[in-house]
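Heads up: the structure comes next, in structure tokens.
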Amino acid sequence: MMLLLISPMPPARSLIDELKVADCSLQHLGKLDLSRCTAADGLILWTTRQSPLGGADTLRDEGIETPIVLVNGPQLNATNVQRERLSYGLKYVVDAPIKVKTLLLELHRARYPKANAPGLDPQTLIAERMALMRAVYSDTLLERIQAIEEDTRSFNPSDREPLYTKVHNLKGTAGTYSFTRVSQIAAQLERALSSKEPSLLSLKAFKQTVKALYLAREEEL
Amino acid sequence: MSNTLQILMVDDCADIREIATLCLELTGDYCVTTAHDGIEALECVHSKEPDLILLDVMMPRMNGVECMEQLRLRFPHIPVIFFTSQVQADHIERYRQSGAIGLLSKPIIPLSFVQSLRHITAHPWTRP
């Protein structure tokens with residue numbers, strides 16, 4: 001995959017290093033080589049307050065249809081309205097500081113917005129997309145379990161809904177991404193939260209369950 | 001005239017909506033619109049009149065069972081399949097009595113998802 005990172009300023013060396021999974025080269029926004037933009041598999045466009053989304057306008061006005069992922073730089077904070085205004089496929093936005101896993105996922109979405117992509121077997125496309133989504137999800141799993149642990153510490157039996165919702169979501173998403181054991185433990189906790197059995201809803205029981213969730217996550221990463 | 005079936009996929013989880021949409025659209029037989037809760041689903045049904053609705057149960061603002069009650073009152077001709085991980089016997093009975101034509105259980109398994117959906121639309125409430 002050949003990517004082109006277009007930036008009005010030199011990006012951090014660490015970002016370029018992280019993108020070594022792809023053949024990534026640099027272009028200055030003010031001196032674009034349009035033929036290279038056309039030949040690339042994807043364009044990563046770093047924006048600033050000085051050129052808010054303007055680089056994308058330039059590229060599309062030049063007839064370049066290469067998929068673009070917009071990096072929402074810390075100085076820009078592109079609003080949803082701005083993003084919507086760009087009917088150029090710029091719904092693919094990652095926020096700075098860039099996480100490479102997220103960037104690669106958005107690039108995949110930008111390159112293959114539909115499953116019937118020419119030149120790629122649909123099942124392969126779905127497998128690739130799910131693998132990228134799983135990688136991004138994996139990074140959020142710890143935070144999800146920590147949020148559940150936090151809620152169990154201040155558990156109020158008469159207001160179970162917030163915790164129940166988090167647990168239910170964990171069960172569903174973990175199952176989707178083949179964190180099977182995490183999903184199973186979340187399902188046990190979900191059942192406990194639906195019951196009226198005090199021993200299942202004790203702090204001790206919650207601690208054991210949360211510990212099991214952490215362990216299962218470690219095992220299944 | 002297009003032969004594609006218009007499906008409304010209702011789920012509060014963006015990842016599940018995306019995977020399901022990819023699976024369905026790759027067949028070329030389905031065109032998918034999505035909604036993230038029951039309220040948005042009712043708005044979509046009103047404007048787009050889909051041929052089939054896939055409906056999650058646990059969602060914010062309006063859950064799937066509440067949404068189903070509204071659908072039966074206002075759009076009784078549109079078939080609905082529940083798509084959920086809540087698949088205990090008492091839940092299934094409730095889905096059946098609500099007028100749904102079937103149940104797809106989560107997690108979503110891309111290879112069998114479309115096959116299961118086709119089976120349900122052809123043979124409501126039977127196992128493949």
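Labels for the structure tokens follow display order: chains A, B, ..., residues from 1 in each chain, ligands from 1.
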
Could you write out as a VMD selection string the residues of chain B within 10 Å of chain A, counting only C-alpha atoms?
-> chain B and resid 12 to 13 15 to 16 18 to 28 58 to 60 84 to 86 106 to 111

Identify, on the basis of only C-alpha atoms, every residue whose closest approach to segment 44-51 of chain B does not exceed 12 Å; exclude the query and any residue fewer than 6 positions from it along the same chain; express the result as number ranges by chain.
-> B: 3-10, 30-38, 67-68, 70-72, 74-81, 121

Enumerate as a list in words all residues of segment 38-69 of chain B assigned to alpha helix (DSSP H) by DSSP on the backbone, naming them with the chain letters and numbers the document uses.
->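 Residues of segment 38-69 of chain B classed as alpha helix (DSSP H): Gly38, Ile39, Glu40, Ala41, Leu42, Glu43, Cys44, Val45, His46, Ser47, Lys48, Gly64, Val65, Glu66, Cys67, Met68 and Glu69 of chain B.
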